[in-house]
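Before any comments, here is the structure.
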Amino acid sequence: MRETREHSTFGFHEVRTEDKQAMVDDVFHSVARRYDLMNDLMSGGLHRAWKDVLVTAVNPPRDGGAFAVLDIAGGTGDIAFRIVAAGGGGTRVTVLDINREMLSVGRTRAADRGLDDVLTFVDGNAEALPFPDRRFDAVTIAFGIRNVPRIEAALSEAFRVLRIGGHFLCLEFSAVDVPVLDRLYDLYSFNAIPALGQAVVGDADAYRYLVESIRRFPRPGAFAAMMQAAGFGRVSFQRMSGGIVAMHSGWRL
Ligand SMILES: C[S@@+](CC[C@H](N)C(=O)[O-])C[C@H]1O[C@@H](n2cnc3c(N)ncnc32)[C@H](O)[C@@H]1O
């Protein structure tokens with residue numbers, strides 16, 4: 001993997017692995033306040049359907065039984081709110097993110113919705129989770145893993161904090177392999193998205209990075225192999241929307 005060598009990739013520019021996190025932090029610092037609005041604008045609302053597939057797979061119990069979920073790189077808590085809405089009274093979600101601005105938007109939103117007691121926001125790094133072994137029933141990460149400089153470390157940590165029998169689910173942008181759609185997708189990604197970023201958050205470069213980082217992320221088969229190397233069993237993935245997104249699933253057996 002490139003990430004473990006001296007240089008990592010930041011979009012299409014070579015960046016040292018130790019510098020990547022600071023650059024990623026700048027991007028999300030810049031977009032935090034309008035992050036969720038931008039998701040709707042960029043995906044035409046599709047991100048909601050992708051996230052619903054993830055939440056359905058998490059399958060929090062509706063009967064009120066205790067169920068602890070960790071949402072890594074959870075940002076403003078969008079996944080966490082959806083999991084809590086889908087689950088019963090015993091569902092608790094911990095949102096971990098390295099960016100305090102993203103967490104702060106989520107905390108305010110949780111307070112506004114009266115959900116402070118079921119959601120916990122933790123400032124931390126996916127590469128070194130501040131939780132004991134086997135603490136969670138399910139671990140999720142949505143559109144976050146490609147931003148983490150050392151993906152293998154993040155996968156090992158996700159595995160470590162998952163209980164035996166627990167489910168790991170990862171949603172991430174992938175590669176469009178459908179003829180014509182791939183060209184349109186490229187045109188849209190490299191032109192419309194940075195322009196939207198400029199118009200809505202005043203930062204085209206942040207969104208240029210996000211687009212470029214998608215193209216750098218391993219293909220689903222390669223990522224599935226990384227999950228297996230981290231210890232996950234029954235690893236599988238499902239492509240959605242012509243390959244724009246893939247959802248990866250693995251279990252701690
Ligand atoms: C594209 S956002 C995804 C947010 C949320 N999961 C969602 O789907 O709306 C990526 C998030 O990854 C976070 N992130 C990047 N590097 C991280 C790291 N090393 N550890 C934890 N979070 C990280 C960023 O701060 C940002 O909030």
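Chain labels follow the order of the structure tokens: the first chain is A, the next B, and so on; residue numbering restarts at 1 in every chain, and ligands are counted from 1 in their shown order.
For ligand 1, the protein and nucleic acid residues at most 7 Å away, judged by only C-alpha atoms and all ligand atoms, amount to Gln21, Val24, Asp25, Phe28, Asp36, Ile72, Ala73, Gly74, Gly75, Thr76, Gly77, Asp78, Ile79, Leu96, Asp97, Ile98, Asn99, Met102, Gly124, Asn125, Ala126, Glu127, Ile141, Ala142, Phe143, Gly144, Asn147, Val148 and Pro149 of chain A.
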Checklist entry - What are the DSSP strand (DSSP E or B) residues of region 16-243 of chain A, as a ChimeraX atom specification? => result /A:16,67-72,91-97,119-123,125,128,136-142,162-173,233-240
Output of the above residues as a PDB file, in the first residue's frame, restricted to C-alpha atoms:
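Output file out25.pdb follows:
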```pdb
ATOM      1  CA  ARG A  16       4.012  12.549   2.989  1.00  0.00           C
ATOM      2  CA  PHE A  67     -26.879  -2.069  21.411  1.00  0.00           C
ATOM      3  CA  ALA A  68     -23.684  -0.003  21.289  1.00  0.00           C
ATOM      4  CA  VAL A  69     -22.484   1.369  17.965  1.00  0.00           C
ATOM      5  CA  LEU A  70     -19.282   3.243  17.171  1.00  0.00           C
ATOM      6  CA  ASP A  71     -19.445   5.510  14.114  1.00  0.00           C
ATOM      7  CA  ILE A  72     -15.841   6.284  13.152  1.00  0.00           C
ATOM      8  CA  THR A  91     -29.445   1.893  21.011  1.00  0.00           C
ATOM      9  CA  ARG A  92     -26.492   4.151  21.841  1.00  0.00           C
ATOM     10  CA  VAL A  93     -24.104   5.616  19.284  1.00  0.00           C
ATOM     11  CA  THR A  94     -20.628   6.998  19.880  1.00  0.00           C
ATOM     12  CA  VAL A  95     -19.488   9.376  17.139  1.00  0.00           C
ATOM     13  CA  LEU A  96     -15.716   9.606  16.847  1.00  0.00           C
ATOM     14  CA  ASP A  97     -14.030  12.180  14.652  1.00  0.00           C
ATOM     15  CA  LEU A 119     -25.303  10.088  21.375  1.00  0.00           C
ATOM     16  CA  THR A 120     -21.750  10.657  22.564  1.00  0.00           C
ATOM     17  CA  PHE A 121     -19.280  12.731  20.556  1.00  0.00           C
ATOM     18  CA  VAL A 122     -15.608  11.858  20.989  1.00  0.00           C
ATOM     19  CA  ASP A 123     -12.626  13.710  19.606  1.00  0.00           C
ATOM     20  CA  ASN A 125      -8.188   9.397  15.702  1.00  0.00           C
ATOM     21  CA  ALA A 128      -5.761   4.843  17.663  1.00  0.00           C
ATOM     22  CA  PHE A 136     -19.072  -2.233  20.570  1.00  0.00           C
ATOM     23  CA  ASP A 137     -21.768  -4.398  18.967  1.00  0.00           C
ATOM     24  CA  ALA A 138     -21.304  -2.707  15.605  1.00  0.00           C
ATOM     25  CA  VAL A 139     -18.739  -0.332  14.098  1.00  0.00           C
ATOM     26  CA  THR A 140     -19.474   1.879  11.095  1.00  0.00           C
ATOM     27  CA  ILE A 141     -17.492   4.301   8.974  1.00  0.00           C
ATOM     28  CA  ALA A 142     -19.116   6.246   6.149  1.00  0.00           C
ATOM     29  CA  LEU A 162     -15.713  -4.852  18.024  1.00  0.00           C
ATOM     30  CA  ARG A 163     -17.167  -7.629  20.175  1.00  0.00           C
ATOM     31  CA  ILE A 164     -16.991 -11.227  18.962  1.00  0.00           C
ATOM     32  CA  GLY A 165     -19.926 -11.630  16.575  1.00  0.00           C
ATOM     33  CA  GLY A 166     -20.009  -7.874  15.935  1.00  0.00           C
ATOM     34  CA  HIS A 167     -20.533  -6.315  12.520  1.00  0.00           C
ATOM     35  CA  PHE A 168     -18.286  -3.799  10.740  1.00  0.00           C
ATOM     36  CA  LEU A 169     -19.778  -1.757   7.904  1.00  0.00           C
ATOM     37  CA  CYS A 170     -17.950   0.686   5.713  1.00  0.00           C
ATOM     38  CA  LEU A 171     -19.551   2.922   3.108  1.00  0.00           C
ATOM     39  CA  GLU A 172     -17.155   4.562   0.675  1.00  0.00           C
ATOM     40  CA  PHE A 173     -17.061   6.079  -2.782  1.00  0.00           C
ATOM     41  CA  GLY A 233     -14.465 -12.706   8.408  1.00  0.00           C
ATOM     42  CA  ARG A 234     -17.366 -13.234   5.960  1.00  0.00           C
ATOM     43  CA  VAL A 235     -16.166 -10.134   4.113  1.00  0.00           C
ATOM     44  CA  SER A 236     -18.382  -8.964   1.285  1.00  0.00           C
ATOM     45  CA  PHE A 237     -19.260  -5.804  -0.587  1.00  0.00           C
ATOM     46  CA  GLN A 238     -22.125  -4.416  -2.585  1.00  0.00           C
ATOM     47  CA  ARG A 239     -21.842  -1.740  -5.252  1.00  0.00           C
ATOM     48  CA  MET A 240     -24.538   0.905  -5.475  1.00  0.00           C
TER      49      MET A 240
END
```
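Close contacts of region 185-197 of chain A, defined as residues with an atom at most 9 Å away when counting only C-alpha atoms, with chain neighbours fewer than 6 positions off set aside, comprise Val31, Met38, Leu41, Met42, Val176, Asp203, Ala204, Asp205, Ala206, Tyr207, Arg208, Tyr209, Val211, Glu212 and Ile244 of chain A.
Among the candidate residues A:Ala32, A:Ala158, A:Val55, A:Leu37, the one lying nearest to Val105 (chain A) is A:Ala32, with distances computed using only C-alpha atoms.
Near Gly231 (chain A), within 9 Å and counting only C-alpha atoms, sit Leu155, Ser156, Phe159, Met226, Trp251, Arg252 and Leu253 of chain A; same-chain residues fewer than 5 positions away were not included.
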Checklist entry - Hey, what does DSSP flag as alpha helix (DSSP H) within region 42-237 of chain A? Can you give it to me as a VMD selection string? => result chain A and resid 42 to 43 46 to 58 78 to 86 100 to 112 151 to 161 181 to 187 193 to 201 204 to 216 220 to 229
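Note that the spacing between CA of Val118 (chain A) and CA of Gly88 (chain A) amounts to 10.9 Å.
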Next on the checklist: Between CA of Arg150 (chain A) and CA of Arg48 (chain A), what distance in Å does the model show, to one decimal?
Outcome noted: 27.4 Å
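Minimum atom-to-atom distance to Val178 (chain A), evaluated using only C-alpha atoms, belongs to A:Gly242 out of A:Gly87, A:Gly242, A:Ser213, A:Lys20.
In terms of minimum interatomic distance to Asp177 (chain A), A:Arg219 ranks closest within A:Arg219, A:Arg113, A:Arg134, A:Arg146, counting only C-alpha atoms.
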Next on the checklist: Calculated over only C-alpha atoms, which of the candidates A:Val27, A:Ile214, A:Ala111, A:Val161 has the smallest distance to Gly202 (chain A)?
Outcome noted: A:Val27
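Our summary of the geometry notes that CA of Pro220 (chain A) is positioned 19.7 Å from CA of Asp52 (chain A).
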